[in-house]
Amino acid sequence: MSFGYKVGWFAVATEDVALVARVLGLVGVQVANWQTGLKLAVKTNLLSGNPDRKVFLTPPLNGWILVVGGELPYPAELSGRDVDFNAITNRFDYLMLRLSSHFHEVQYFASHRVSDSVTWTRRTERMYRSFTYADGWVYLNRGSQTKEERELGMPDLTGMGQQAATDEIFGLLEKQQAEVDALCNSGLSRKEALQRLRRSAMPSETNVTELAGLWSLDPCQIEEHFHDLSTGLLGELRFDR
């Protein structure tokens, strides 16, 4: 089954799904098909009182294992805007450290429509790139823009702090809106004007899945390309130990 929106997932460069489960310290591990595994993993809630988080581990997909969860922790840098980020970020760092200490490349992607949040991280021995945007604010912008981000037309925020990166995004959006207005004034319909516009500077859930496709795998296309991989593993993450 394909997925990719309103969900988070790690992409781990390995074909050993059992090792990924052990490295994450999963408990209650069991074999699960895609329908059951994704349903149970996506319905978990990071901010609930339950310390257990179900995640679904896919079978190997072209050298990658995907670890999927409805609200996995995500990377951010605190700026006094939201105290909830403290626990969330610490949990993300914990998982990333465990995975990156065992596997040569680990990636993370997530999006959520309610808060317009998007995030992506890529860690190898030579580079670390991490970006998080939500509710009109850049919560994290670490590392240089990758060539894949550039290919997708994302704004280059290299070296910018949270405020500067946020200002850059909204400054570009204002310029793009002015371009659309000018095209409309020249006689084009708004639809035609938007079609001529280059990609929006606003980070989107589509950016997340497209970037995943360039870095590792686009999970929106799994069902299209993989037909004979019926089962993976379902387990629980524990953060209270």
# chains A, B, ... in the order shown; residues from 1 in each chain; ligands from 1
>>> select_by_dssp(residues="range 18-47 of chain A", states="alpha helix (DSSP H)", output="list in words")
Ala18, Leu19, Val20, Ala21, Arg22, Val23, Leu24, Trp34, Gln35, Thr36, Gly37, Leu38, Lys39, Leu40, Ala41 and Val42 of chain A
>>> write_last_selection(atoms="all heavy atoms", output="short mmCIF file (atom, residue, chain, number, x, y, z; two decimals), in the first residue's frame")
data_model
loop_
_atom_site.label_atom_id
_atom_site.label_comp_id
_atom_site.auth_asym_id
_atom_site.auth_seq_id
_atom_site.Cartn_x
_atom_site.Cartn_y
_atom_site.Cartn_z
N ALA A 18 14.69 -6.97 10.57
CA ALA A 18 14.77 -7.41 11.96
C ALA A 18 15.81 -6.59 12.72
O ALA A 18 15.60 -6.26 13.90
CB ALA A 18 15.12 -8.90 12.02
N LEU A 19 16.92 -6.25 12.07
CA LEU A 19 17.95 -5.43 12.73
C LEU A 19 17.41 -4.03 13.02
O LEU A 19 17.67 -3.48 14.10
CB LEU A 19 19.19 -5.34 11.85
CG LEU A 19 20.33 -4.47 12.39
CD1 LEU A 19 20.80 -4.95 13.75
CD2 LEU A 19 21.50 -4.43 11.40
N VAL A 20 16.66 -3.44 12.11
CA VAL A 20 16.07 -2.12 12.35
C VAL A 20 15.16 -2.17 13.58
O VAL A 20 15.20 -1.28 14.43
CB VAL A 20 15.29 -1.63 11.12
CG1 VAL A 20 14.57 -0.32 11.43
CG2 VAL A 20 16.21 -1.45 9.93
N ALA A 21 14.37 -3.22 13.68
CA ALA A 21 13.48 -3.37 14.84
C ALA A 21 14.27 -3.46 16.13
O ALA A 21 13.90 -2.85 17.15
CB ALA A 21 12.60 -4.60 14.66
N ARG A 22 15.39 -4.19 16.11
CA ARG A 22 16.21 -4.32 17.32
C ARG A 22 16.89 -3.00 17.68
O ARG A 22 16.94 -2.62 18.86
CB ARG A 22 17.26 -5.42 17.13
CG ARG A 22 16.71 -6.83 17.12
CD ARG A 22 17.80 -7.86 17.34
NE ARG A 22 18.83 -7.81 16.32
CZ ARG A 22 18.78 -8.48 15.16
NH1 ARG A 22 17.73 -9.24 14.89
NH2 ARG A 22 19.77 -8.40 14.29
N VAL A 23 17.41 -2.30 16.67
CA VAL A 23 18.09 -1.03 16.93
C VAL A 23 17.12 -0.01 17.53
O VAL A 23 17.48 0.76 18.44
CB VAL A 23 18.70 -0.48 15.63
CG1 VAL A 23 19.18 0.96 15.81
CG2 VAL A 23 19.86 -1.36 15.18
N LEU A 24 15.89 0.00 17.07
CA LEU A 24 14.88 0.91 17.60
C LEU A 24 14.36 0.48 18.97
O LEU A 24 13.66 1.25 19.64
CB LEU A 24 13.70 1.04 16.63
CG LEU A 24 13.98 1.80 15.32
CD1 LEU A 24 12.79 1.69 14.39
CD2 LEU A 24 14.30 3.26 15.61
N TRP A 34 0.42 -4.94 5.04
CA TRP A 34 0.47 -3.49 4.87
C TRP A 34 -0.79 -2.81 5.39
O TRP A 34 -0.73 -1.76 6.03
CB TRP A 34 0.68 -3.15 3.40
CG TRP A 34 2.05 -3.42 2.90
CD1 TRP A 34 2.61 -4.64 2.63
CD2 TRP A 34 3.07 -2.45 2.60
NE1 TRP A 34 3.89 -4.49 2.19
CE2 TRP A 34 4.20 -3.17 2.15
CE3 TRP A 34 3.12 -1.06 2.65
CZ2 TRP A 34 5.38 -2.53 1.77
CZ3 TRP A 34 4.29 -0.42 2.27
CH2 TRP A 34 5.41 -1.15 1.83
N GLN A 35 -1.94 -3.40 5.10
CA GLN A 35 -3.20 -2.76 5.50
C GLN A 35 -3.30 -2.63 7.01
O GLN A 35 -3.60 -1.57 7.54
CB GLN A 35 -4.38 -3.56 4.95
CG GLN A 35 -5.73 -2.92 5.26
CD GLN A 35 -6.88 -3.65 4.59
OE1 GLN A 35 -6.70 -4.72 4.03
NE2 GLN A 35 -8.06 -3.07 4.64
N THR A 36 -3.03 -3.73 7.72
CA THR A 36 -3.10 -3.70 9.18
C THR A 36 -1.98 -2.86 9.77
O THR A 36 -2.19 -2.06 10.68
CB THR A 36 -3.02 -5.13 9.74
OG1 THR A 36 -4.13 -5.90 9.24
CG2 THR A 36 -3.06 -5.13 11.25
N GLY A 37 -0.77 -3.04 9.26
CA GLY A 37 0.38 -2.33 9.81
C GLY A 37 0.25 -0.82 9.68
O GLY A 37 0.46 -0.09 10.65
N LEU A 38 -0.12 -0.34 8.50
CA LEU A 38 -0.26 1.10 8.30
C LEU A 38 -1.43 1.66 9.10
O LEU A 38 -1.35 2.74 9.67
CB LEU A 38 -0.43 1.41 6.82
CG LEU A 38 0.83 1.28 5.96
CD1 LEU A 38 0.50 1.51 4.49
CD2 LEU A 38 1.91 2.25 6.41
N LYS A 39 -2.53 0.91 9.15
CA LYS A 39 -3.70 1.40 9.88
C LYS A 39 -3.38 1.61 11.36
O LYS A 39 -3.71 2.64 11.95
CB LYS A 39 -4.86 0.42 9.73
CG LYS A 39 -6.12 0.83 10.48
CD LYS A 39 -7.23 -0.17 10.28
CE LYS A 39 -8.49 0.24 11.05
NZ LYS A 39 -9.59 -0.73 10.87
N LEU A 40 -2.73 0.63 11.97
CA LEU A 40 -2.42 0.73 13.40
C LEU A 40 -1.31 1.75 13.67
O LEU A 40 -1.32 2.44 14.68
CB LEU A 40 -2.02 -0.64 13.94
CG LEU A 40 -3.15 -1.68 13.98
CD1 LEU A 40 -2.62 -3.02 14.47
CD2 LEU A 40 -4.29 -1.20 14.87
N ALA A 41 -0.35 1.85 12.77
CA ALA A 41 0.76 2.78 12.99
C ALA A 41 0.33 4.23 12.80
O ALA A 41 0.75 5.10 13.55
CB ALA A 41 1.91 2.45 12.04
N VAL A 42 -0.52 4.48 11.84
CA VAL A 42 -0.91 5.85 11.52
C VAL A 42 -1.87 6.41 12.56
O VAL A 42 -1.93 7.61 12.78
CB VAL A 42 -1.52 5.93 10.11
CG1 VAL A 42 -2.16 7.27 9.85
CG2 VAL A 42 -0.46 5.65 9.07
#
>>> residues_around(residues="Ser2 in chain A", least_positions_apart="2", cutoff="9 Å", atoms="only C-alpha atoms", output="compact mmCIF listing (two decimals) with C-alpha atoms, in the first residue's frame")
# COMPACT_ATOMS: atom_id res chain seq x y z
CA GLY A 4 3.03 9.68 2.07
CA ASP A 218 8.58 8.10 -2.90
CA PRO A 219 6.09 6.16 -0.74
CA CYS A 220 3.21 7.43 -2.89
CA GLN A 221 4.50 5.15 -5.66
CA ILE A 222 5.15 1.99 -3.65
CA GLU A 223 1.93 0.27 -4.70
CA GLU A 224 2.73 1.01 -8.33
>>> closest_residue(among="A:Asn185, A:Gln30, A:Ser117, A:Thr209", to="Glu71 in chain A", atoms="only C-alpha atoms")
A:Ser117
>>> residues_around(residues="Arg129 in chain A", least_positions_apart="4", cutoff="7 Å", atoms="only C-alpha atoms", output="list of chain:residue names")
A:Thr121, A:Arg122, A:Arg123, A:Arg142, A:Gly143, A:Ser144
>>> write_last_selection(atoms="N, CA, C and O atoms", output="mmCIF file, in the first residue's frame")
data_model
loop_
_atom_site.group_PDB
_atom_site.id
_atom_site.type_symbol
_atom_site.label_atom_id
_atom_site.label_comp_id
_atom_site.auth_asym_id
_atom_site.auth_seq_id
_atom_site.Cartn_x
_atom_site.Cartn_y
_atom_site.Cartn_z
ATOM 1 N N THR A 121 14.897 15.217 6.794
ATOM 2 C CA THR A 121 16.252 15.113 7.339
ATOM 3 C C THR A 121 17.001 14.037 6.576
ATOM 4 O O THR A 121 16.432 12.993 6.238
ATOM 5 N N ARG A 122 18.257 14.284 6.321
ATOM 6 C CA ARG A 122 19.118 13.270 5.697
ATOM 7 C C ARG A 122 20.452 13.269 6.413
ATOM 8 O O ARG A 122 21.120 14.303 6.508
ATOM 9 N N ARG A 123 20.843 12.104 6.921
ATOM 10 C CA ARG A 123 22.100 11.998 7.652
ATOM 11 C C ARG A 123 22.942 10.856 7.091
ATOM 12 O O ARG A 123 22.497 9.714 6.996
ATOM 13 N N ARG A 142 19.049 23.342 9.150
ATOM 14 C CA ARG A 142 20.421 22.936 9.457
ATOM 15 C C ARG A 142 21.064 22.297 8.231
ATOM 16 O O ARG A 142 20.473 21.446 7.567
ATOM 17 N N GLY A 143 22.272 22.725 7.927
ATOM 18 C CA GLY A 143 22.996 22.173 6.791
ATOM 19 C C GLY A 143 22.682 22.912 5.499
ATOM 20 O O GLY A 143 21.755 23.719 5.417
ATOM 21 N N SER A 144 23.483 22.636 4.481
ATOM 22 C CA SER A 144 23.320 23.301 3.186
ATOM 23 C C SER A 144 22.198 22.657 2.373
ATOM 24 O O SER A 144 21.933 21.456 2.501
#
>>> closest_residue(among="A:Gly69, A:Gly171, A:Pro155, A:Gly63", to="Tyr108 in chain A", atoms="only C-alpha atoms")
A:Gly69
>>> atom_distance(atom1="CA of Gln145 in chain A", atom2="CA of Thr58 in chain A")
28.5 Å
>>> residues_around(residues="Met96 in chain A", least_positions_apart="4", cutoff="8 Å", atoms="only C-alpha atoms", output="PyMOL selection string")
chain A and resi 92+100+106
>>> write_last_selection(atoms="N, CA and C atoms", output="short mmCIF file (atom, residue, chain, number, x, y, z; two decimals), in the first residue's frame")
data_model
loop_
_atom_site.label_atom_id
_atom_site.label_comp_id
_atom_site.auth_asym_id
_atom_site.auth_seq_id
_atom_site.Cartn_x
_atom_site.Cartn_y
_atom_site.Cartn_z
N PHE A 92 13.08 12.59 18.79
CA PHE A 92 13.61 12.45 17.44
C PHE A 92 15.11 12.24 17.48
N SER A 100 21.41 6.08 13.11
CA SER A 100 22.62 6.51 12.39
C SER A 100 23.89 5.88 12.93
N VAL A 106 20.46 7.49 7.01
CA VAL A 106 19.11 7.50 7.59
C VAL A 106 18.44 8.81 7.17
#
>>> atom_distance(atom1="CA of Ala13 in chain A", atom2="CA of Glu105 in chain A")
5.5 Å
>>> closest_residue(among="A:Phe3, A:Tyr128, A:Tyr74, A:Trp137", to="Asp116 in chain A", atoms="only C-alpha atoms")
A:Trp137
>>> residues_around(residues="Leu233 in chain A", least_positions_apart="3", cutoff="7 Å", atoms="only C-alpha atoms", output="compact mmCIF listing (two decimals) with N, CA, C and O atoms, in the first residue's frame")
# COMPACT_ATOMS: atom_id res chain seq x y z
N VAL A 29 6.91 -7.01 18.81
CA VAL A 29 7.07 -7.08 17.35
C VAL A 29 6.32 -8.29 16.79
O VAL A 29 6.40 -9.39 17.33
N GLN A 30 5.59 -8.06 15.72
CA GLN A 30 4.85 -9.13 15.07
C GLN A 30 4.78 -8.87 13.57
O GLN A 30 4.91 -7.74 13.12
N VAL A 31 4.60 -9.94 12.82
CA VAL A 31 4.43 -9.82 11.38
C VAL A 31 3.07 -9.20 11.10
O VAL A 31 2.08 -9.52 11.75
N ALA A 32 3.03 -8.27 10.15
CA ALA A 32 1.77 -7.61 9.80
C ALA A 32 1.74 -7.31 8.31
O ALA A 32 2.76 -6.98 7.72
N PHE A 56 5.14 0.76 11.74
CA PHE A 56 5.15 -0.32 10.76
C PHE A 56 6.46 -0.27 10.00
O PHE A 56 6.85 0.78 9.47
N LEU A 57 7.16 -1.40 9.95
CA LEU A 57 8.41 -1.52 9.21
C LEU A 57 8.13 -2.28 7.93
O LEU A 57 7.66 -3.42 7.97
N THR A 58 8.41 -1.64 6.80
CA THR A 58 8.17 -2.28 5.52
C THR A 58 9.20 -3.38 5.26
O THR A 58 10.29 -3.36 5.86
>>> select_by_dssp(residues="range 16-228 of chain A", states="strand (DSSP E or B)", output="NGL selection string")
:A and (27-33 or 52-57 or 61 or 64-69 or 105-112 or 117-124 or 128-134 or 137-142)
>>> closest_residue(among="A:Met154, A:Asn62, A:Lys54, A:Gln162", to="Gly28 in chain A", atoms="only C-alpha atoms")
A:Lys54
>>> closest_residue(among="A:Gly159, A:Thr124, A:Ile65, A:Thr14", to="Leu97 in chain A", atoms="only C-alpha atoms")
A:Thr124
>>> closest_residue(among="A:Phe239, A:Ala11, A:Leu188, A:Leu172", to="Asn90 in chain A", atoms="only C-alpha atoms")
A:Phe239
>>> atom_distance(atom1="CA of Ala182 in chain A", atom2="CA of Leu157 in chain A")
26.5 Å
